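File shown here: structure-v9.txt, holding compact mmCIF, N, CA and C atoms.
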```txt
# COMPACT_ATOMS: atom_id res chain seq x y z
N MET A 1 -82.60 17.66 -60.71
CA MET A 1 -81.19 17.82 -60.39
C MET A 1 -80.42 16.51 -60.50
N GLY A 2 -81.12 15.39 -60.32
CA GLY A 2 -80.44 14.10 -60.45
C GLY A 2 -79.96 13.86 -61.86
N LEU A 3 -80.76 14.27 -62.84
CA LEU A 3 -80.37 14.10 -64.24
C LEU A 3 -79.16 14.97 -64.58
N LEU A 4 -79.11 16.16 -64.01
CA LEU A 4 -77.96 17.04 -64.23
C LEU A 4 -76.69 16.43 -63.62
N GLY A 5 -76.81 15.80 -62.48
CA GLY A 5 -75.67 15.12 -61.87
C GLY A 5 -75.18 13.96 -62.71
N VAL A 6 -76.11 13.20 -63.26
CA VAL A 6 -75.74 12.09 -64.16
C VAL A 6 -75.05 12.65 -65.40
N ALA A 7 -75.62 13.70 -65.97
CA ALA A 7 -75.03 14.31 -67.16
C ALA A 7 -73.62 14.82 -66.88
N ALA A 8 -73.44 15.47 -65.73
CA ALA A 8 -72.11 15.98 -65.37
C ALA A 8 -71.13 14.84 -65.17
N ALA A 9 -71.55 13.79 -64.49
CA ALA A 9 -70.66 12.65 -64.25
C ALA A 9 -70.26 11.98 -65.56
N LEU A 10 -71.23 11.78 -66.45
CA LEU A 10 -70.93 11.12 -67.73
C LEU A 10 -70.00 11.96 -68.60
N ARG A 11 -70.03 13.27 -68.44
CA ARG A 11 -69.22 14.13 -69.29
C ARG A 11 -67.88 14.50 -68.66
N LEU A 12 -67.82 14.61 -67.35
CA LEU A 12 -66.61 15.09 -66.71
C LEU A 12 -65.66 13.97 -66.26
N LEU A 13 -66.18 12.87 -65.79
CA LEU A 13 -65.32 11.83 -65.24
C LEU A 13 -64.38 11.18 -66.27
N PRO A 14 -64.84 10.87 -67.49
CA PRO A 14 -63.92 10.20 -68.43
C PRO A 14 -63.04 11.13 -69.26
N LEU A 15 -62.95 12.41 -68.93
CA LEU A 15 -62.23 13.35 -69.80
C LEU A 15 -60.77 12.99 -70.03
N GLY A 16 -60.07 12.49 -69.05
CA GLY A 16 -58.66 12.20 -69.20
C GLY A 16 -58.32 10.76 -69.49
N THR A 17 -59.31 9.95 -69.80
CA THR A 17 -59.05 8.52 -69.97
C THR A 17 -58.51 8.15 -71.34
N GLN A 18 -58.74 8.97 -72.35
CA GLN A 18 -58.24 8.66 -73.69
C GLN A 18 -57.16 9.66 -74.09
N SER A 19 -56.22 9.18 -74.89
CA SER A 19 -55.20 10.09 -75.38
C SER A 19 -55.78 10.97 -76.48
N LEU A 20 -55.07 12.04 -76.78
CA LEU A 20 -55.53 12.99 -77.80
C LEU A 20 -55.43 12.38 -79.18
N TRP A 21 -56.33 12.73 -80.05
CA TRP A 21 -56.24 12.32 -81.45
C TRP A 21 -55.84 13.53 -82.28
N TYR A 22 -55.65 13.35 -83.57
CA TYR A 22 -55.01 14.34 -84.44
C TYR A 22 -55.63 15.73 -84.33
N ASP A 23 -56.94 15.86 -84.47
CA ASP A 23 -57.58 17.17 -84.44
C ASP A 23 -57.45 17.83 -83.07
N GLU A 24 -57.48 17.02 -82.01
CA GLU A 24 -57.30 17.58 -80.67
C GLU A 24 -55.87 18.07 -80.47
N VAL A 25 -54.92 17.38 -81.06
CA VAL A 25 -53.53 17.85 -80.99
C VAL A 25 -53.39 19.17 -81.73
N PHE A 26 -54.08 19.32 -82.87
CA PHE A 26 -54.09 20.60 -83.58
C PHE A 26 -54.66 21.70 -82.69
N THR A 27 -55.77 21.39 -82.01
CA THR A 27 -56.38 22.36 -81.09
C THR A 27 -55.40 22.75 -80.00
N PHE A 28 -54.72 21.77 -79.43
CA PHE A 28 -53.75 22.07 -78.37
C PHE A 28 -52.60 22.91 -78.91
N ASN A 29 -52.04 22.51 -80.05
CA ASN A 29 -50.91 23.27 -80.60
C ASN A 29 -51.29 24.70 -80.95
N ALA A 30 -52.49 24.89 -81.46
CA ALA A 30 -52.94 26.24 -81.79
C ALA A 30 -53.16 27.06 -80.53
N SER A 31 -53.66 26.43 -79.48
CA SER A 31 -54.02 27.15 -78.25
C SER A 31 -52.88 27.29 -77.26
N ALA A 32 -51.80 26.56 -77.45
CA ALA A 32 -50.72 26.56 -76.45
C ALA A 32 -49.84 27.79 -76.52
N GLY A 33 -49.80 28.47 -77.65
CA GLY A 33 -48.92 29.62 -77.79
C GLY A 33 -49.58 30.92 -77.36
N SER A 34 -49.06 31.99 -77.89
CA SER A 34 -49.59 33.32 -77.56
C SER A 34 -50.88 33.58 -78.33
N LEU A 35 -51.58 34.61 -77.93
CA LEU A 35 -52.82 34.96 -78.61
C LEU A 35 -52.58 35.43 -80.05
N PRO A 36 -51.54 36.24 -80.33
CA PRO A 36 -51.26 36.58 -81.73
C PRO A 36 -50.92 35.35 -82.59
N ARG A 37 -50.23 34.37 -81.99
CA ARG A 37 -49.92 33.14 -82.73
C ARG A 37 -51.20 32.37 -83.04
N LEU A 38 -52.11 32.29 -82.07
CA LEU A 38 -53.40 31.63 -82.29
C LEU A 38 -54.15 32.33 -83.41
N TYR A 39 -54.17 33.64 -83.40
CA TYR A 39 -54.85 34.41 -84.43
C TYR A 39 -54.25 34.10 -85.81
N SER A 40 -52.94 34.08 -85.91
CA SER A 40 -52.32 33.81 -87.21
C SER A 40 -52.59 32.39 -87.69
N ILE A 41 -52.62 31.43 -86.77
CA ILE A 41 -52.93 30.04 -87.16
C ILE A 41 -54.35 29.95 -87.69
N LEU A 42 -55.29 30.61 -87.01
CA LEU A 42 -56.69 30.54 -87.43
C LEU A 42 -56.92 31.28 -88.75
N ILE A 43 -56.22 32.38 -88.95
CA ILE A 43 -56.34 33.11 -90.22
C ILE A 43 -55.75 32.27 -91.35
N GLU A 44 -54.60 31.67 -91.12
CA GLU A 44 -53.95 30.84 -92.14
C GLU A 44 -54.79 29.61 -92.46
N ASP A 45 -55.36 28.99 -91.41
CA ASP A 45 -56.17 27.79 -91.60
C ASP A 45 -57.48 28.13 -92.31
N GLY A 46 -58.16 29.16 -91.86
CA GLY A 46 -59.33 29.68 -92.53
C GLY A 46 -60.61 28.87 -92.44
N GLN A 47 -60.62 27.75 -91.72
CA GLN A 47 -61.83 26.95 -91.69
C GLN A 47 -62.35 26.65 -90.29
N HIS A 48 -61.64 27.06 -89.26
CA HIS A 48 -62.07 26.78 -87.90
C HIS A 48 -62.58 28.05 -87.24
N PRO A 49 -63.77 28.01 -86.65
CA PRO A 49 -64.28 29.19 -85.96
C PRO A 49 -63.45 29.49 -84.71
N PRO A 50 -63.20 30.76 -84.42
CA PRO A 50 -62.22 31.12 -83.39
C PRO A 50 -62.69 31.01 -81.95
N LEU A 51 -63.97 31.06 -81.66
CA LEU A 51 -64.42 31.13 -80.27
C LEU A 51 -63.99 29.91 -79.45
N HIS A 52 -64.10 28.73 -80.01
CA HIS A 52 -63.69 27.53 -79.27
C HIS A 52 -62.19 27.57 -79.00
N TYR A 53 -61.42 28.05 -79.94
CA TYR A 53 -59.97 28.13 -79.73
C TYR A 53 -59.63 29.15 -78.65
N LEU A 54 -60.41 30.22 -78.55
CA LEU A 54 -60.19 31.17 -77.47
C LEU A 54 -60.49 30.55 -76.11
N LEU A 55 -61.55 29.76 -76.04
CA LEU A 55 -61.87 29.07 -74.79
C LEU A 55 -60.76 28.09 -74.40
N THR A 56 -60.28 27.33 -75.36
CA THR A 56 -59.21 26.38 -75.05
C THR A 56 -57.90 27.11 -74.76
N TRP A 57 -57.69 28.26 -75.39
CA TRP A 57 -56.50 29.06 -75.10
C TRP A 57 -56.50 29.47 -73.62
N VAL A 58 -57.67 29.86 -73.11
CA VAL A 58 -57.79 30.22 -71.69
C VAL A 58 -57.53 29.00 -70.82
N MET A 59 -58.10 27.86 -71.17
CA MET A 59 -57.94 26.66 -70.36
C MET A 59 -56.49 26.17 -70.34
N VAL A 60 -55.80 26.27 -71.46
CA VAL A 60 -54.42 25.80 -71.54
C VAL A 60 -53.50 26.64 -70.65
N ARG A 61 -53.92 27.85 -70.31
CA ARG A 61 -53.14 28.68 -69.40
C ARG A 61 -53.04 28.05 -68.00
N PHE A 62 -53.99 27.16 -67.66
CA PHE A 62 -54.00 26.51 -66.35
C PHE A 62 -53.24 25.19 -66.34
N GLY A 63 -52.83 24.71 -67.50
CA GLY A 63 -52.09 23.45 -67.60
C GLY A 63 -52.29 22.82 -68.96
N ASP A 64 -51.57 21.74 -69.22
CA ASP A 64 -51.61 21.13 -70.54
C ASP A 64 -52.14 19.69 -70.52
N SER A 65 -53.07 19.40 -69.63
CA SER A 65 -53.59 18.04 -69.57
C SER A 65 -54.76 17.87 -70.54
N GLU A 66 -55.06 16.61 -70.83
CA GLU A 66 -56.21 16.30 -71.68
C GLU A 66 -57.50 16.79 -71.04
N VAL A 67 -57.57 16.71 -69.73
CA VAL A 67 -58.79 17.13 -69.02
C VAL A 67 -59.05 18.61 -69.25
N LEU A 68 -58.04 19.44 -69.07
CA LEU A 68 -58.23 20.88 -69.25
C LEU A 68 -58.54 21.23 -70.70
N LEU A 69 -57.94 20.51 -71.61
CA LEU A 69 -58.19 20.78 -73.03
C LEU A 69 -59.63 20.42 -73.42
N ARG A 70 -60.16 19.36 -72.82
CA ARG A 70 -61.51 18.90 -73.15
C ARG A 70 -62.59 19.50 -72.26
N LEU A 71 -62.20 20.18 -71.20
CA LEU A 71 -63.18 20.71 -70.24
C LEU A 71 -64.18 21.68 -70.85
N PRO A 72 -63.79 22.61 -71.73
CA PRO A 72 -64.81 23.48 -72.33
C PRO A 72 -65.91 22.70 -73.06
N SER A 73 -65.55 21.68 -73.79
CA SER A 73 -66.56 20.88 -74.50
C SER A 73 -67.49 20.17 -73.53
N ALA A 74 -66.95 19.64 -72.45
CA ALA A 74 -67.79 18.96 -71.47
C ALA A 74 -68.75 19.93 -70.80
N LEU A 75 -68.25 21.10 -70.41
CA LEU A 75 -69.11 22.10 -69.77
C LEU A 75 -70.16 22.63 -70.73
N LEU A 76 -69.78 22.83 -71.99
CA LEU A 76 -70.75 23.27 -72.99
C LEU A 76 -71.78 22.17 -73.28
N GLY A 77 -71.38 20.92 -73.19
CA GLY A 77 -72.33 19.82 -73.34
C GLY A 77 -73.37 19.84 -72.23
N ILE A 78 -72.93 20.08 -71.01
CA ILE A 78 -73.86 20.19 -69.88
C ILE A 78 -74.77 21.40 -70.07
N ALA A 79 -74.19 22.52 -70.50
CA ALA A 79 -74.99 23.74 -70.73
C ALA A 79 -76.01 23.52 -71.84
N SER A 80 -75.64 22.77 -72.86
CA SER A 80 -76.59 22.51 -73.95
C SER A 80 -77.76 21.67 -73.46
N LEU A 81 -77.52 20.77 -72.51
CA LEU A 81 -78.61 19.99 -71.94
C LEU A 81 -79.55 20.86 -71.12
N LEU A 82 -78.99 21.79 -70.37
CA LEU A 82 -79.83 22.73 -69.62
C LEU A 82 -80.66 23.59 -70.57
N GLY A 83 -80.03 24.05 -71.65
CA GLY A 83 -80.75 24.84 -72.64
C GLY A 83 -81.82 24.03 -73.35
N LEU A 84 -81.51 22.78 -73.65
CA LEU A 84 -82.50 21.90 -74.28
C LEU A 84 -83.72 21.72 -73.37
N HIS A 85 -83.46 21.53 -72.10
CA HIS A 85 -84.57 21.37 -71.14
C HIS A 85 -85.43 22.63 -71.11
N ALA A 86 -84.80 23.79 -71.03
CA ALA A 86 -85.56 25.05 -70.98
C ALA A 86 -86.35 25.27 -72.28
N LEU A 87 -85.72 24.99 -73.40
CA LEU A 87 -86.38 25.18 -74.70
C LEU A 87 -87.57 24.23 -74.85
N THR A 88 -87.38 22.98 -74.47
CA THR A 88 -88.46 22.00 -74.60
C THR A 88 -89.60 22.30 -73.63
N CYS A 89 -89.28 22.81 -72.44
CA CYS A 89 -90.34 23.24 -71.50
C CYS A 89 -91.18 24.34 -72.14
N ARG A 90 -90.50 25.24 -72.84
CA ARG A 90 -91.20 26.36 -73.47
C ARG A 90 -92.05 25.90 -74.66
N LEU A 91 -91.54 24.96 -75.42
CA LEU A 91 -92.25 24.49 -76.61
C LEU A 91 -93.32 23.46 -76.29
N ALA A 92 -93.09 22.63 -75.29
CA ALA A 92 -94.03 21.54 -74.99
C ALA A 92 -94.46 21.63 -73.53
N ASN A 93 -93.88 20.76 -72.70
CA ASN A 93 -94.20 20.76 -71.27
C ASN A 93 -93.03 20.17 -70.50
N ALA A 94 -93.16 20.15 -69.19
CA ALA A 94 -92.06 19.69 -68.34
C ALA A 94 -91.76 18.21 -68.54
N ARG A 95 -92.79 17.41 -68.78
CA ARG A 95 -92.56 15.97 -68.99
C ARG A 95 -91.79 15.72 -70.28
N ALA A 96 -92.18 16.38 -71.34
CA ALA A 96 -91.47 16.25 -72.61
C ALA A 96 -90.03 16.75 -72.48
N ALA A 97 -89.85 17.81 -71.71
CA ALA A 97 -88.50 18.35 -71.50
C ALA A 97 -87.63 17.36 -70.76
N LEU A 98 -88.19 16.70 -69.76
CA LEU A 98 -87.44 15.71 -69.01
C LEU A 98 -87.05 14.52 -69.89
N ILE A 99 -87.97 14.07 -70.72
CA ILE A 99 -87.69 12.95 -71.63
C ILE A 99 -86.61 13.34 -72.64
N ALA A 100 -86.76 14.50 -73.24
CA ALA A 100 -85.78 14.95 -74.24
C ALA A 100 -84.40 15.11 -73.61
N THR A 101 -84.35 15.67 -72.42
CA THR A 101 -83.07 15.87 -71.75
C THR A 101 -82.45 14.54 -71.34
N ALA A 102 -83.27 13.61 -70.88
CA ALA A 102 -82.76 12.28 -70.52
C ALA A 102 -82.19 11.56 -71.73
N LEU A 103 -82.89 11.65 -72.86
CA LEU A 103 -82.38 11.01 -74.08
C LEU A 103 -81.07 11.64 -74.54
N ALA A 104 -81.00 12.96 -74.50
CA ALA A 104 -79.77 13.64 -74.91
C ALA A 104 -78.63 13.36 -73.93
N THR A 105 -78.96 13.23 -72.65
CA THR A 105 -77.94 12.94 -71.64
C THR A 105 -77.24 11.62 -71.93
N CYS A 106 -77.99 10.64 -72.38
CA CYS A 106 -77.44 9.31 -72.65
C CYS A 106 -77.05 9.09 -74.10
N SER A 107 -77.25 10.09 -74.94
CA SER A 107 -76.94 9.95 -76.36
C SER A 107 -75.44 9.72 -76.57
N SER A 108 -75.12 8.69 -77.32
CA SER A 108 -73.71 8.38 -77.56
C SER A 108 -73.02 9.49 -78.34
N PHE A 109 -73.72 10.13 -79.26
CA PHE A 109 -73.12 11.24 -80.01
C PHE A 109 -72.86 12.44 -79.11
N HIS A 110 -73.82 12.76 -78.26
CA HIS A 110 -73.65 13.88 -77.35
C HIS A 110 -72.48 13.62 -76.40
N LEU A 111 -72.39 12.41 -75.91
CA LEU A 111 -71.27 12.05 -75.02
C LEU A 111 -69.94 12.11 -75.76
N LEU A 112 -69.90 11.56 -76.96
CA LEU A 112 -68.66 11.56 -77.74
C LEU A 112 -68.15 12.97 -77.98
N TYR A 113 -69.03 13.84 -78.43
CA TYR A 113 -68.60 15.20 -78.75
C TYR A 113 -68.38 16.04 -77.50
N SER A 114 -68.94 15.64 -76.36
CA SER A 114 -68.64 16.32 -75.10
C SER A 114 -67.26 15.94 -74.58
N HIS A 115 -66.70 14.87 -75.10
CA HIS A 115 -65.38 14.40 -74.66
C HIS A 115 -64.27 14.80 -75.62
N GLU A 116 -64.57 15.55 -76.66
CA GLU A 116 -63.56 15.93 -77.63
C GLU A 116 -63.22 17.41 -77.52
N ALA A 117 -61.97 17.72 -77.69
CA ALA A 117 -61.52 19.11 -77.67
C ALA A 117 -61.72 19.74 -79.05
N ARG A 118 -62.95 19.77 -79.47
CA ARG A 118 -63.32 20.35 -80.75
C ARG A 118 -64.52 21.26 -80.54
N ASN A 119 -65.00 21.91 -81.56
CA ASN A 119 -66.00 22.96 -81.41
C ASN A 119 -67.46 22.49 -81.50
N TRP A 120 -67.70 21.20 -81.50
CA TRP A 120 -69.06 20.70 -81.75
C TRP A 120 -70.03 21.06 -80.62
N MET A 121 -69.60 20.98 -79.38
CA MET A 121 -70.50 21.30 -78.26
C MET A 121 -70.76 22.81 -78.18
N LEU A 122 -69.79 23.61 -78.57
CA LEU A 122 -70.02 25.05 -78.64
C LEU A 122 -71.08 25.35 -79.69
N LEU A 123 -70.98 24.69 -80.83
CA LEU A 123 -71.98 24.86 -81.89
C LEU A 123 -73.37 24.47 -81.40
N LEU A 124 -73.47 23.35 -80.69
CA LEU A 124 -74.77 22.90 -80.19
C LEU A 124 -75.31 23.86 -79.14
N ALA A 125 -74.47 24.28 -78.20
CA ALA A 125 -74.93 25.20 -77.16
C ALA A 125 -75.39 26.53 -77.75
N LEU A 126 -74.67 27.04 -78.74
CA LEU A 126 -75.08 28.29 -79.38
C LEU A 126 -76.35 28.11 -80.21
N THR A 127 -76.53 26.93 -80.80
CA THR A 127 -77.75 26.65 -81.55
C THR A 127 -78.96 26.62 -80.63
N VAL A 128 -78.82 25.98 -79.48
CA VAL A 128 -79.92 25.93 -78.52
C VAL A 128 -80.23 27.34 -78.00
N LEU A 129 -79.18 28.10 -77.69
CA LEU A 129 -79.39 29.47 -77.22
C LEU A 129 -80.05 30.32 -78.30
N GLY A 130 -79.59 30.19 -79.54
CA GLY A 130 -80.19 30.93 -80.64
C GLY A 130 -81.65 30.55 -80.86
N SER A 131 -81.97 29.28 -80.69
CA SER A 131 -83.35 28.83 -80.83
C SER A 131 -84.23 29.43 -79.74
N GLN A 132 -83.69 29.49 -78.53
CA GLN A 132 -84.45 30.11 -77.44
C GLN A 132 -84.69 31.59 -77.70
N LEU A 133 -83.67 32.29 -78.17
CA LEU A 133 -83.82 33.72 -78.46
C LEU A 133 -84.80 33.95 -79.60
N LEU A 134 -84.73 33.11 -80.63
CA LEU A 134 -85.65 33.23 -81.75
C LEU A 134 -87.09 32.97 -81.30
N LEU A 135 -87.29 31.96 -80.48
CA LEU A 135 -88.62 31.67 -79.96
C LEU A 135 -89.14 32.83 -79.11
N GLU A 136 -88.27 33.37 -78.28
CA GLU A 136 -88.67 34.52 -77.45
C GLU A 136 -89.06 35.70 -78.32
N ALA A 137 -88.30 35.96 -79.35
CA ALA A 137 -88.60 37.07 -80.25
C ALA A 137 -89.91 36.83 -81.01
N ALA A 138 -90.15 35.60 -81.42
CA ALA A 138 -91.36 35.29 -82.18
C ALA A 138 -92.60 35.35 -81.30
N MET A 139 -92.45 35.11 -80.01
CA MET A 139 -93.60 35.12 -79.10
C MET A 139 -94.03 36.54 -78.72
N ARG A 140 -93.13 37.50 -78.91
CA ARG A 140 -93.49 38.88 -78.58
C ARG A 140 -94.28 39.47 -79.74
N PRO A 141 -95.33 40.24 -79.43
CA PRO A 141 -96.14 40.77 -80.52
C PRO A 141 -95.39 41.77 -81.40
N ARG A 142 -94.53 42.58 -80.83
CA ARG A 142 -93.77 43.55 -81.63
C ARG A 142 -92.30 43.43 -81.29
N TRP A 143 -91.71 42.34 -81.61
CA TRP A 143 -90.32 42.10 -81.24
C TRP A 143 -89.34 42.93 -82.04
N TRP A 144 -89.74 43.44 -83.19
CA TRP A 144 -88.81 44.20 -84.00
C TRP A 144 -88.79 45.63 -83.54
```
Please lay out the structure from this file as C-alpha cells.
Amino acid sequence: MGLLGVAAALRLLPLGTQSLWYDEVFTFNASAGSLPRLYSILIEDGQHPPLHYLLTWVMVRFGDSEVLLRLPSALLGIASLLGLHALTCRLANARAALIATALATCSSFHLLYSHEARNWMLLLALTVLGSQLLLEAAMRPRWW
C-alpha cells in the first residue's frame, strides 16, 4: 500500500502546476461543449479515439481547471500500475511484481503521460487489462 500511496502522490499532486500545451487545449476545447459537438469534432478529426474524450467531457462538467482535465490520465496511470502488479504476480511472483510496479511508479515516461490530458494512460490501462484477460483465457483449458 505504501507504493500505491507514492504512485498516487507522484501523479496527483503536480497536476495543476503546469499550464496546458497545444494538444491539451484541443482536448479541452473538444470536451468543453455539448456531447453532439464533441462527436462532430471527433468525426471531423478522424484520428483521436473517443473514449478519452468522453472521460474528459464528464470531468469538464465539474469545472475547467487543469487538474480536472488531467485527472482521468492520473487515475488511469494509477490503475495501470495496479493492473501491472496483478499481471506480473500472475506471470511471475509477488517479488517480481513489486519490482516491476516500483520501476513503473518512478518511470519518467509513466509520470509524464499521467500528467497529460491525452489518451496515453487510457491506452496503457486498456492494454494491461487486455493482457490480463488474454492470459486468463489462455490459462483455461476450453476458453472458447
With a distance cut-off of 8 Å and only N, CA and C atoms, select the neighbouring residues of His110 (chain A), excluding the residue or stretch itself and same-chain residues fewer than 5 positions from it, and output the selection as a list of chain:residue names.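 Skipping anything fewer than 5 positions along the chain leaves A:Arg11, A:Gly77, A:Ala104, A:Thr105, A:His115.
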With all atoms listed in the file as the atoms that count, which of A:Ala125, A:Leu55, A:Ala92, A:Ala86 lies nearest to Leu69 (chain A)?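 Closest to Leu69 (chain A) of all the choices is A:Leu55.
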Atom N of Gln18 (chain A) to atom N of Ala30 (chain A), distance in Å rounded to a single decimal: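 Separation of atom N of Gln18 (chain A) and atom N of Ala30 (chain A): 19.4 Å.
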Counting only N, CA and C atoms, what is within 8 Å of Leu84 (chain A), bar same-chain residues fewer than 5 positions away, as a list in words? Ile78, Ala79, Cys89, Arg90, Ala97, Leu98, Ala100, Thr101, Ala125, Val128 and Leu129 of chain A
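When only N, CA and C atoms are used to compute distances to Ser80 (chain A), the closest of the residues A:Leu124, A:Ala8, A:Leu135, A:Leu35 turns out to be A:Leu124.
Closest to Leu42 (chain A) among A:Leu54, A:Leu20, A:Met121, A:Leu75 is A:Leu54, based on only C-alpha atoms.
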Go through A:Met59, A:Val67, A:Ala9, A:Ala74 and flag the residue nearest Glu116 (chain A), using all atoms listed in the file for the distances. A:Ala74
Env of Leu76 (chain A): 8 Å cut, atoms = all atoms listed in the file, seq-sep filter 6 positions within chain, self excluded. Answer as a VMD selection string. chain A and resid 70 82 114 120 to 126
Test item, alpha helix (DSSP H) assignment across chain A, answer as a VMD selection string: chain A and resid 2 to 12 22 to 32 35 to 45 50 to 60 66 to 91 94 to 106 108 to 114 120 to 139
Could you state the separation of atom N of Gly16 (chain A) and atom C of Glu66 (chain A) in Å, given to one decimal place? 5.4 Å
Listed atoms of region 36-55 of chain A boxed along x, y and z, 6 Å each side, centre and edge lengths in Å, one decimal, as AutoDock Vina command-line options:
```
--center_x -57.2 --center_y 31.6 --center_z -83.5 --size_x 26.5 --size_y 21.9 --size_z 30.1
```
Might you pull out every residue within 10 Å of Leu133 (chain A), with only C-alpha atoms counted and same-chain residues fewer than 6 positions away left off, and present them as a PDB file with N, CA and C atoms, in the coordinates of the input?
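Saved file around.pdb follows:
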```pdb
ATOM      1  N   LEU A  87     -85.720  24.990 -73.400  1.00  0.00           N
ATOM      2  CA  LEU A  87     -86.380  25.180 -74.700  1.00  0.00           C
ATOM      3  C   LEU A  87     -87.570  24.230 -74.850  1.00  0.00           C
ATOM      4  N   THR A 127     -76.530  26.930 -80.800  1.00  0.00           N
ATOM      5  CA  THR A 127     -77.750  26.650 -81.550  1.00  0.00           C
ATOM      6  C   THR A 127     -78.960  26.620 -80.630  1.00  0.00           C
ATOM      7  N   MET A 139     -92.450  35.110 -80.010  1.00  0.00           N
ATOM      8  CA  MET A 139     -93.600  35.120 -79.100  1.00  0.00           C
ATOM      9  C   MET A 139     -94.030  36.540 -78.720  1.00  0.00           C
TER      10      MET A 139
END
```
Just to confirm, what's the straight-line distance from atom C of Ala117 (chain A) to CA of Ala102 (chain A) in Å (one decimal)? 23.9 Å
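You can rank A:Tyr113, A:Trp57, A:Pro50, A:Leu91 by their closest distance to Ser73 (chain A) using all atoms listed in the file, and at the top of that list sits A:Tyr113.
Proximity to Arg61 (chain A) was assessed for A:Glu24, A:Glu44, A:Leu10, A:Ser34 counting only C-alpha atoms; the smallest distance is recorded for A:Ser34.
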Could I see region 20-26 of chain A restored to all heavy atoms, set down as a short mmCIF file (atom, residue, chain, number, x, y, z; two decimals), keeping the file's coordinate frame?
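Ended up saving to rebuild-v7.cif:
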```cif
data_model
loop_
_atom_site.label_atom_id
_atom_site.label_comp_id
_atom_site.auth_asym_id
_atom_site.auth_seq_id
_atom_site.Cartn_x
_atom_site.Cartn_y
_atom_site.Cartn_z
N LEU A 20 -55.07 12.04 -76.78
CA LEU A 20 -55.53 12.99 -77.80
C LEU A 20 -55.43 12.38 -79.18
O LEU A 20 -54.52 11.61 -79.47
CB LEU A 20 -54.70 14.26 -77.74
CG LEU A 20 -54.75 15.05 -76.44
CD1 LEU A 20 -53.79 16.24 -76.52
CD2 LEU A 20 -56.14 15.53 -76.14
N TRP A 21 -56.33 12.73 -80.05
CA TRP A 21 -56.24 12.32 -81.45
C TRP A 21 -55.84 13.53 -82.28
O TRP A 21 -55.69 14.64 -81.77
CB TRP A 21 -57.53 11.65 -81.92
CG TRP A 21 -58.77 12.49 -81.90
CD1 TRP A 21 -59.47 12.88 -80.80
CD2 TRP A 21 -59.45 13.03 -83.02
NE1 TRP A 21 -60.54 13.63 -81.16
CE2 TRP A 21 -60.55 13.75 -82.53
CE3 TRP A 21 -59.25 12.99 -84.39
CZ2 TRP A 21 -61.44 14.42 -83.35
CZ3 TRP A 21 -60.14 13.65 -85.19
CH2 TRP A 21 -61.22 14.35 -84.69
N TYR A 22 -55.65 13.35 -83.57
CA TYR A 22 -55.01 14.34 -84.44
C TYR A 22 -55.63 15.73 -84.33
O TYR A 22 -54.92 16.72 -84.14
CB TYR A 22 -55.05 13.86 -85.90
CG TYR A 22 -54.46 14.86 -86.85
CD1 TYR A 22 -53.08 14.99 -86.96
CD2 TYR A 22 -55.27 15.68 -87.61
CE1 TYR A 22 -52.53 15.93 -87.82
CE2 TYR A 22 -54.74 16.62 -88.47
CZ TYR A 22 -53.37 16.73 -88.56
OH TYR A 22 -52.83 17.67 -89.40
N ASP A 23 -56.94 15.86 -84.47
CA ASP A 23 -57.58 17.17 -84.44
C ASP A 23 -57.45 17.83 -83.07
O ASP A 23 -57.35 19.04 -82.96
CB ASP A 23 -59.05 17.08 -84.84
CG ASP A 23 -59.23 16.93 -86.34
OD1 ASP A 23 -58.23 17.11 -87.07
OD2 ASP A 23 -60.35 16.64 -86.77
N GLU A 24 -57.48 17.02 -82.01
CA GLU A 24 -57.30 17.58 -80.67
C GLU A 24 -55.87 18.07 -80.47
O GLU A 24 -55.65 19.08 -79.79
CB GLU A 24 -57.66 16.55 -79.61
CG GLU A 24 -59.14 16.23 -79.55
CD GLU A 24 -59.46 15.17 -78.54
OE1 GLU A 24 -58.79 14.11 -78.55
OE2 GLU A 24 -60.38 15.39 -77.74
N VAL A 25 -54.92 17.38 -81.06
CA VAL A 25 -53.53 17.85 -80.99
C VAL A 25 -53.39 19.17 -81.73
O VAL A 25 -52.71 20.09 -81.26
CB VAL A 25 -52.57 16.78 -81.57
CG1 VAL A 25 -51.16 17.32 -81.68
CG2 VAL A 25 -52.60 15.54 -80.69
N PHE A 26 -54.08 19.32 -82.87
CA PHE A 26 -54.09 20.60 -83.58
C PHE A 26 -54.66 21.70 -82.69
O PHE A 26 -54.13 22.81 -82.62
CB PHE A 26 -54.89 20.50 -84.87
CG PHE A 26 -55.03 21.80 -85.60
CD1 PHE A 26 -54.01 22.27 -86.42
CD2 PHE A 26 -56.16 22.59 -85.44
CE1 PHE A 26 -54.12 23.49 -87.07
CE2 PHE A 26 -56.29 23.80 -86.09
CZ PHE A 26 -55.27 24.26 -86.91
#
```
